[in-house]
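> Pasting a structure below so you can have a look.
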Amino acid sequence: MSLYIDKIKETAERLLKDGSVDMVIGFRKGSVPMMNEPCFIQKPQEVHQLVWDSNCGINLANYLTDRKEKIAVVAKGCDSRNIVNHIVENKIKREKLVIIGVPCTGMIDKRKIAGMFDKPIDAVTEDGDIILVTSAGKETRLNKTDVLQENCALCIHRNPVIYDELVGDLIEEQTGIDRYAEVRRVEAMSPQEKWQYFEDLLSPCIRCYACRNACPLCYCPTCFVDESRPQWVGKSQDPIDTRTFHFLRAYHCAGRCTDCGACERACPVGIKVRQFTSKLNRDCLEMFGWEAGLTLDQRPPLDTYKPNDPNDFIK
Amino acid sequence: MKVISIDKTEWANGIEKTKSIYRLFGPVKENTWHSFMPLGPGEQPDMAYGNSRLSPKFLVHPQTEPMFEYNLDEKQADHHVLKEIPKDVSPKAIIGIRPCDASAFLLVKRNFDTPTYKDPYWLTAYNSLTLIGYACNQPCSTCFCTTAGCGPFHEEGLDAILVDAGDRYLLKALTEKGEAYIQSAGWATSAPSDADQSIEKLKSTAEKAIASHVSTDKLRNQSTTQLYDAPFWEEIAFSCINCGTCTYSCPTCWCFDIQDENHGKCGVRMRNWDSCMYPLFSLHGTGHNPRGAKAHRVRQRFMHKLKYYVDKYDNGIQCVGCGRCIRLCPVNIDIRKVCNQMNSYDPAACVCPV
Amino acid sequence: MNLMEHMGIEPGRLQFSWISSAESTKFVETVKSVTQAVKAIGPNTTYKKNPVKVA
């Protein structure tokens, strides 16, 4: 996947030089292992900063919201789906964008990898499907497929769904993936077990809102948790308030979530926040045959009405 | 002060003894990280740790702290009267706190304990603490304490410092509080006369192991307004998502917000951590927000830590170099890079188009 | 509703009905059946905020 970088730089340089865009949004090398930092490049001579590897899990659609410049954005499958969302929801104009599509083979889970080693990780490099981890002076080879972020392992839209440039051949999509095993596992629990499961899941939450802010879907000028007149949710560490934040955040993503995993990746305390959105994604698929961000030509099911919409829940 | 030698087989027993006098807190392993937790009977601190994921500041400054209670029931004689909530001031001890985190309390104290204002909640909690520090033999790659006014064996802010010397611990009392704790544990074996040298040796090895550094020498003399107007803020702030991870994991961030929360006719006035990354933090009652854009808020955090604090107290930066914000930031904003950028900023050399 | 039940709200505690202002009979029946269903489940002990602990 790192082979893409030459093409990304070349495309970025060309677009900046010929004036097609004012800036390119991509990633630059991070200062710690398994992290890259989103950045913008405005000068052709600065494109050398751009990088691409398996540490580009942050969703760059988040950096496009309401921007007015002409922008080229590096987009893997999920980013491109969120760009579609953004266009459909009028958060960015299609004609302002040049989408540099990246067929993606998944991002690695830095927490999972860190958890595999007793000592801190000094460096991580990659060679195709092999991840080389140096910890305490010793190098370990890992198969990338074993250390993917969970959402990437379950991804069935690795190729960008919308693009103007492509930095490599489209890749074969994964098939036969059981995307919702975790949802079914929770569904099989009793109400008390479910309650306790989410209680435990959310107990480390520090209300930093990294999950919300990493998400391209969350762009309200004032979030309901920040609203003070009226105040919908308490601001303390109360577990009920914390839970209210998490499930209401998820509701706001219903029919919009692309399962890019940015929320889970951003969480500083490792909460599996996708446990909420996955359930909604599965329901959207089953009830409306809908997966978010695949097309510009269809309104999302939750902002349209159809006479045959499932409505069994209304008595 | 004299150094005590503790055979590792005697360690747990001593810790257990002190629980009759102190409420103990220490690092406890949860999955793959460590957190500071209360240590009940039989529970021991896990000393095989680098540093806790979140800082132990919550033991002095809880994320949610109820301050007053009141009732709104007019049938009650004391309705609408704020009543102070009694606090537990019994002695507490934190075992295994790293020197950086202890030193952070001193930085925060400059704000919460001034001749004019004294924060009773913070001070009461802080004063009830005995800090048994744990020197870092193996600092992390993101630690930059030695250039942030601190160090892996830094003693300031600690009541005693514990050094892992292989099969035994060396424990040096630094204050009377530290002495009292050691006595209550019953550790009394004097360390051999070369203990000080062994500590010095470990200290110098640890200090050399710290590979990352920041430069802070020019911050004091930088012009505040020129730094404020520096062109690099937009670039630094670009990737920021304005979450509270850096501020909430930081041992030196102290900001809070006060709220009343009612439950029926009863209520509590509490304070909760707040973060300068949040738009609500500086929103005025008029609706105006002086830090309305992301870049303003990012600038505020770094200017406060690395410039305003430096100017106000003339005692270094408001950072101890623990590296948590670097490790936890979801988008890899690195305070070391920002600090160096601010320190080396030369407005005259800047040719950026305005 | 699905997500509410997914996170542990008992089935039946949360119900939705569409009742026109002209459908007084349906309104009465719905209130009766909802009350009955919720009584059968018993008091809500989980999704309920407790007063702030002060000590």
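Ordering of the structure tokens sets the chain letters (A, B, ...), residue numbers begin anew at 1 in every chain, and ligands are numbered from 1 in the order given.
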Mind checking DSSP for range 139-337 of chain B and telling me the strand (DSSP E) residues as a list in words?
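Written out, the strand (DSSP E) residues of range 139-337 of chain B are Ala160, Ile161, Leu162, Val163, Asp164, Arg168, Tyr169, Leu170, Leu171, Lys172, Ala173, Phe256, Asp257, Ile258, Gln259, Asp260, Glu261, Asn262, His263, Cys266, Gly267, Val268, Arg269, Met270, Arg271, Asn272 and Trp273 of chain B.
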> What are the residues of chain A that have an atom within 6 Å of an atom of chain B, counting only C-alpha atoms, as a VMD selection string?
chain A and resid 37 to 38 115 208 to 210 213 236 266 268
> For the residues in that selection, give me C-alpha atoms as an mmCIF file, in the first residue's frame.

```cif
data_model
loop_
_atom_site.group_PDB
_atom_site.id
_atom_site.type_symbol
_atom_site.label_atom_id
_atom_site.label_comp_id
_atom_site.auth_asym_id
_atom_site.auth_seq_id
_atom_site.Cartn_x
_atom_site.Cartn_y
_atom_site.Cartn_z
ATOM 1 C CA GLU A 37 -1.067 13.332 11.256
ATOM 2 C CA PRO A 38 -3.626 14.868 8.913
ATOM 3 C CA GLY A 115 -1.005 -4.901 23.730
ATOM 4 C CA CYS A 208 -13.476 13.911 26.172
ATOM 5 C CA TYR A 209 -15.723 13.606 23.095
ATOM 6 C CA ALA A 210 -12.870 12.380 20.909
ATOM 7 C CA ASN A 213 -15.113 14.922 17.171
ATOM 8 C CA SER A 236 -20.548 15.084 35.270
ATOM 9 C CA ALA A 266 -9.697 8.154 18.556
ATOM 10 C CA PRO A 268 -8.004 7.568 24.419
#
```
> Please provide the set of residues having any atom within 12 Å of Cys257 in chain A, restricted to only C-alpha atoms, with same-chain residues fewer than 2 positions apart removed, written as a count of residues only.
43
> Can you check which parts of chain A lie within 7 Å of chain C? Per residue, the shortest pair of atoms and distance in Å to one decimal, counting only C-alpha atoms, sorted by chain and number, as JSON lines.

```
{"residue": "A:Glu187", "atom": "CA", "partner": "C:His6", "partner_atom": "CA", "distance": 6.3}
{"residue": "A:Pro191", "atom": "CA", "partner": "C:Gly8", "partner_atom": "CA", "distance": 4.3}
{"residue": "A:Gln192", "atom": "CA", "partner": "C:Gly8", "partner_atom": "CA", "distance": 6.0}
{"residue": "A:Lys194", "atom": "CA", "partner": "C:Gly8", "partner_atom": "CA", "distance": 4.6}
{"residue": "A:Trp195", "atom": "CA", "partner": "C:Gly8", "partner_atom": "CA", "distance": 4.1}
{"residue": "A:Phe198", "atom": "CA", "partner": "C:Met7", "partner_atom": "CA", "distance": 6.4}
{"residue": "A:Ile240", "atom": "CA", "partner": "C:Lys49", "partner_atom": "CA", "distance": 5.8}
{"residue": "A:Lys279", "atom": "CA", "partner": "C:Leu3", "partner_atom": "CA", "distance": 6.9}
{"residue": "A:Leu280", "atom": "CA", "partner": "C:Leu3", "partner_atom": "CA", "distance": 7.0}
{"residue": "A:Phe313", "atom": "CA", "partner": "C:Phe16", "partner_atom": "CA", "distance": 6.5}
{"residue": "A:Ile314", "atom": "CA", "partner": "C:Phe16", "partner_atom": "CA", "distance": 4.9}
{"residue": "A:Lys315", "atom": "CA", "partner": "C:Ser17", "partner_atom": "CA", "distance": 4.6}
```
> I'd like the interatomic distance between CA of Ser212 in chain B and CA of Cys145 in chain B, to a tenth of an Å.
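Answer for the CA of Ser212 in chain B to CA of Cys145 in chain B separation: 8.7 Å.
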> Just the residues within 7 Å of Met34 in chain A, please, counting only C-alpha atoms, with nothing from its chain fewer than 4 positions along; format it as a ChimeraX atom specification.
/A:55,110,124
> Just the selected residues (N, CA, C and O atoms), exported as a short mmCIF file (atom, residue, chain, number, x, y, z; two decimals), in the first residue's frame, please.

```cif
data_model
loop_
_atom_site.label_atom_id
_atom_site.label_comp_id
_atom_site.auth_asym_id
_atom_site.auth_seq_id
_atom_site.Cartn_x
_atom_site.Cartn_y
_atom_site.Cartn_z
N ASN A 55 -1.17 3.48 8.73
CA ASN A 55 -1.47 4.28 9.92
C ASN A 55 -2.25 5.54 9.56
O ASN A 55 -2.12 6.57 10.21
N LYS A 110 -3.40 0.15 16.47
CA LYS A 110 -2.21 0.45 17.29
C LYS A 110 -2.36 -0.08 18.71
O LYS A 110 -1.40 -0.50 19.33
N VAL A 124 7.61 0.94 14.09
CA VAL A 124 6.79 0.02 13.31
C VAL A 124 6.96 0.39 11.84
O VAL A 124 6.79 1.54 11.46
#
```
> I'd like to know which residues of range 158-258 of chain B are helix (DSSP H, G or I) (by DSSP, run on the backbone); could you write them as a ChimeraX atom specification?
/B:176-185,195-209,224-228,233-237,245-249
> Select all residues from chain B having any atom no more than 9 Å from an atom of chain C (counting only C-alpha atoms, ignoring ligands), output as an MDAnalysis selection string.
chainID B and resid 65:69 85:88 261:264 266:268
> I want to know what sits within 9 Å of Lys43 in chain A, based on only C-alpha atoms, with residues of the same chain fewer than 5 positions away left out; could you give that as a compact mmCIF listing (two decimals) with N, CA, C and O atoms, in the first residue's frame?

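Ended up saving to selection28.txt:
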```txt
# COMPACT_ATOMS: atom_id res chain seq x y z
N GLU A 13 1.18 17.24 -6.49
CA GLU A 13 2.05 18.27 -7.07
C GLU A 13 1.43 18.82 -8.35
O GLU A 13 1.37 20.04 -8.55
N LEU A 16 -1.61 21.04 -7.60
CA LEU A 16 -1.25 22.33 -7.02
C LEU A 16 -0.60 23.22 -8.07
O LEU A 16 -0.86 24.42 -8.15
N LYS A 17 0.24 22.60 -8.90
CA LYS A 17 0.96 23.37 -9.92
C LYS A 17 0.01 23.95 -10.96
O LYS A 17 0.14 25.12 -11.34
N ASP A 22 -6.51 24.56 -4.31
CA ASP A 22 -5.78 25.48 -3.43
C ASP A 22 -4.98 24.72 -2.39
O ASP A 22 -4.00 25.20 -1.86
N MET A 23 -5.46 23.54 -2.07
CA MET A 23 -4.74 22.75 -1.06
C MET A 23 -5.02 21.27 -1.25
O MET A 23 -6.03 20.88 -1.83
```
> Counting only C-alpha atoms, what is within 10 Å of Val102 in chain A, bar same-chain residues fewer than 4 positions away, as a short mmCIF file (atom, residue, chain, number, x, y, z; two decimals) with all heavy atoms, in the first residue's frame?

```
data_model
loop_
_atom_site.label_atom_id
_atom_site.label_comp_id
_atom_site.auth_asym_id
_atom_site.auth_seq_id
_atom_site.Cartn_x
_atom_site.Cartn_y
_atom_site.Cartn_z
N MET A 1 0.83 -1.20 0.00
CA MET A 1 0.00 0.00 0.00
C MET A 1 0.87 1.27 0.00
O MET A 1 0.48 2.30 -0.50
CB MET A 1 -0.92 -0.01 1.22
CG MET A 1 -2.02 0.99 1.14
SD MET A 1 -3.54 0.50 1.96
CE MET A 1 -3.07 0.50 3.68
N TYR A 4 1.61 3.44 -3.06
CA TYR A 4 0.71 4.50 -3.50
C TYR A 4 1.32 5.88 -3.36
O TYR A 4 0.91 6.82 -4.02
CB TYR A 4 -0.58 4.49 -2.68
CG TYR A 4 -1.44 3.27 -2.83
CD1 TYR A 4 -2.31 2.89 -1.81
CD2 TYR A 4 -1.43 2.50 -4.00
CE1 TYR A 4 -3.13 1.79 -1.94
CE2 TYR A 4 -2.25 1.39 -4.12
CZ TYR A 4 -3.09 1.03 -3.08
OH TYR A 4 -3.91 -0.05 -3.21
N ILE A 5 2.26 6.01 -2.43
CA ILE A 5 2.67 7.35 -2.04
C ILE A 5 3.27 8.16 -3.20
O ILE A 5 3.04 9.36 -3.31
CB ILE A 5 3.61 7.33 -0.80
CG1 ILE A 5 3.84 8.75 -0.30
CG2 ILE A 5 4.90 6.62 -1.06
CD1 ILE A 5 2.59 9.53 0.01
N LYS A 7 2.49 8.02 -6.27
CA LYS A 7 1.37 8.50 -7.09
C LYS A 7 0.61 9.63 -6.37
O LYS A 7 0.17 10.60 -7.01
CB LYS A 7 0.43 7.32 -7.41
CG LYS A 7 -0.56 7.58 -8.50
CD LYS A 7 0.11 7.58 -9.88
CE LYS A 7 -0.75 8.26 -10.95
NZ LYS A 7 -2.02 7.61 -11.24
N ILE A 8 0.49 9.51 -5.06
CA ILE A 8 -0.20 10.57 -4.30
C ILE A 8 0.57 11.88 -4.42
O ILE A 8 0.00 12.93 -4.71
CB ILE A 8 -0.35 10.16 -2.80
CG1 ILE A 8 -1.31 8.99 -2.66
CG2 ILE A 8 -0.84 11.35 -1.96
CD1 ILE A 8 -1.44 8.43 -1.24
N TRP A 52 1.84 7.72 2.98
CA TRP A 52 0.71 6.79 2.99
C TRP A 52 1.20 5.44 3.48
O TRP A 52 2.17 4.90 2.97
CB TRP A 52 0.06 6.63 1.62
CG TRP A 52 -1.19 5.82 1.77
CD1 TRP A 52 -1.32 4.47 1.66
CD2 TRP A 52 -2.46 6.31 2.18
NE1 TRP A 52 -2.60 4.09 1.97
CE2 TRP A 52 -3.32 5.20 2.29
CE3 TRP A 52 -2.96 7.59 2.49
CZ2 TRP A 52 -4.66 5.32 2.69
CZ3 TRP A 52 -4.29 7.70 2.87
CH2 TRP A 52 -5.13 6.57 2.96
N VAL A 74 -7.09 13.11 -0.13
CA VAL A 74 -6.71 11.71 -0.25
C VAL A 74 -7.80 10.89 0.45
O VAL A 74 -8.12 11.16 1.60
CB VAL A 74 -5.34 11.48 0.41
CG1 VAL A 74 -4.95 10.01 0.33
CG2 VAL A 74 -4.27 12.36 -0.25
N ALA A 75 -8.38 9.93 -0.28
CA ALA A 75 -9.54 9.24 0.29
C ALA A 75 -9.47 7.74 0.07
O ALA A 75 -9.43 7.26 -1.05
CB ALA A 75 -10.82 9.79 -0.33
N LYS A 76 -9.47 7.01 1.20
CA LYS A 76 -9.63 5.56 1.10
C LYS A 76 -11.12 5.25 1.02
O LYS A 76 -11.94 6.18 1.00
CB LYS A 76 -8.95 4.87 2.29
CG LYS A 76 -9.31 5.44 3.65
CD LYS A 76 -8.35 4.96 4.73
CE LYS A 76 -8.76 5.50 6.11
NZ LYS A 76 -8.55 6.94 6.29
N GLY A 77 -11.49 3.97 0.99
CA GLY A 77 -12.90 3.61 0.80
C GLY A 77 -13.85 4.35 1.73
O GLY A 77 -14.79 5.01 1.30
N ASP A 79 -13.34 6.99 3.71
CA ASP A 79 -13.31 8.46 3.55
C ASP A 79 -14.20 8.87 2.39
O ASP A 79 -14.94 9.85 2.48
CB ASP A 79 -11.89 8.96 3.25
CG ASP A 79 -10.87 8.63 4.32
OD1 ASP A 79 -11.03 7.58 4.96
OD2 ASP A 79 -9.92 9.39 4.51
N SER A 80 -14.10 8.10 1.29
CA SER A 80 -14.87 8.47 0.10
C SER A 80 -16.36 8.36 0.38
O SER A 80 -17.17 9.16 -0.09
CB SER A 80 -14.48 7.60 -1.10
OG SER A 80 -15.05 6.30 -0.98
N ARG A 158 -13.48 -1.36 0.37
CA ARG A 158 -12.10 -0.87 0.51
C ARG A 158 -11.74 0.10 -0.61
O ARG A 158 -10.92 0.98 -0.46
CB ARG A 158 -11.14 -2.05 0.51
CG ARG A 158 -11.34 -2.92 1.74
CD ARG A 158 -10.42 -4.10 1.74
NE ARG A 158 -10.12 -4.47 3.12
CZ ARG A 158 -9.24 -5.39 3.45
NH1 ARG A 158 -8.55 -6.03 2.51
NH2 ARG A 158 -9.01 -5.67 4.71
N ASN A 159 -12.37 -0.07 -1.75
CA ASN A 159 -12.10 0.84 -2.87
C ASN A 159 -12.93 2.10 -2.69
O ASN A 159 -14.06 2.05 -2.20
CB ASN A 159 -12.50 0.18 -4.18
CG ASN A 159 -11.55 -0.95 -4.53
OD1 ASN A 159 -10.34 -0.75 -4.57
ND2 ASN A 159 -12.10 -2.14 -4.77
N PRO A 160 -12.35 3.24 -3.08
CA PRO A 160 -13.15 4.46 -3.01
C PRO A 160 -14.38 4.34 -3.90
O PRO A 160 -14.30 3.77 -4.99
CB PRO A 160 -12.19 5.54 -3.51
CG PRO A 160 -11.04 4.84 -4.12
CD PRO A 160 -10.99 3.47 -3.55
N TYR A 163 -14.26 9.04 -7.03
CA TYR A 163 -12.89 9.57 -7.11
C TYR A 163 -12.67 10.23 -8.46
O TYR A 163 -13.38 9.97 -9.43
CB TYR A 163 -11.85 8.47 -6.89
CG TYR A 163 -12.02 7.26 -7.78
CD1 TYR A 163 -11.47 7.24 -9.08
CD2 TYR A 163 -12.73 6.14 -7.35
CE1 TYR A 163 -11.65 6.13 -9.91
CE2 TYR A 163 -12.89 5.04 -8.17
CZ TYR A 163 -12.36 5.04 -9.45
OH TYR A 163 -12.53 3.96 -10.27
N GLU A 165 -9.13 10.88 -9.24
CA GLU A 165 -7.82 10.32 -9.54
C GLU A 165 -7.75 9.01 -8.75
O GLU A 165 -8.37 8.88 -7.70
CB GLU A 165 -6.70 11.24 -9.02
CG GLU A 165 -6.78 12.68 -9.50
CD GLU A 165 -6.00 12.91 -10.78
OE1 GLU A 165 -5.23 11.99 -11.18
OE2 GLU A 165 -6.15 13.99 -11.37
N LEU A 166 -6.97 8.09 -9.25
CA LEU A 166 -6.81 6.83 -8.53
C LEU A 166 -5.32 6.54 -8.43
O LEU A 166 -4.60 6.66 -9.41
CB LEU A 166 -7.54 5.72 -9.30
CG LEU A 166 -8.03 4.50 -8.52
CD1 LEU A 166 -8.93 4.90 -7.36
CD2 LEU A 166 -8.76 3.54 -9.45
N VAL A 167 -4.85 6.19 -7.24
CA VAL A 167 -3.41 6.04 -7.07
C VAL A 167 -2.93 4.60 -7.25
O VAL A 167 -1.74 4.32 -7.11
CB VAL A 167 -2.93 6.57 -5.71
CG1 VAL A 167 -3.31 8.03 -5.54
CG2 VAL A 167 -3.50 5.75 -4.56
N GLY A 168 -3.83 3.70 -7.55
CA GLY A 168 -3.44 2.31 -7.79
C GLY A 168 -4.63 1.56 -8.34
O GLY A 168 -5.74 2.08 -8.36
N ASP A 169 -4.40 0.33 -8.80
CA ASP A 169 -5.51 -0.45 -9.33
C ASP A 169 -6.52 -0.74 -8.23
O ASP A 169 -6.13 -0.94 -7.07
CB ASP A 169 -5.00 -1.79 -9.89
CG ASP A 169 -4.11 -1.56 -11.10
OD1 ASP A 169 -4.28 -0.49 -11.74
OD2 ASP A 169 -3.25 -2.42 -11.37
N LEU A 170 -7.78 -0.79 -8.62
CA LEU A 170 -8.81 -1.17 -7.65
C LEU A 170 -8.51 -2.57 -7.15
O LEU A 170 -7.97 -3.41 -7.89
CB LEU A 170 -10.20 -1.11 -8.29
CG LEU A 170 -10.69 0.30 -8.66
CD1 LEU A 170 -12.04 0.23 -9.35
CD2 LEU A 170 -10.75 1.22 -7.45
N ILE A 171 -8.81 -2.82 -5.91
CA ILE A 171 -8.50 -4.14 -5.35
C ILE A 171 -9.78 -4.94 -5.19
O ILE A 171 -10.88 -4.39 -5.22
CB ILE A 171 -7.77 -4.01 -3.99
CG1 ILE A 171 -8.60 -3.17 -3.02
CG2 ILE A 171 -6.39 -3.42 -4.17
CD1 ILE A 171 -8.05 -3.16 -1.63
#
```
> Nearest residue to Ser5 in chain B out of B:Tyr117, B:Tyr169, B:Phe112, B:Tyr134, using only C-alpha atoms?
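Checking each of B:Tyr117, B:Tyr169, B:Phe112, B:Tyr134 against Ser5 in chain B, counting only C-alpha atoms, the winner is B:Tyr169.
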> List as a count of residues only the protein and nucleic acid residues near Lys265 in chain B, meaning an atom at most 7 Å away when only C-alpha atoms are counted, but skip any in the same chain fewer than 6 places from it.
3
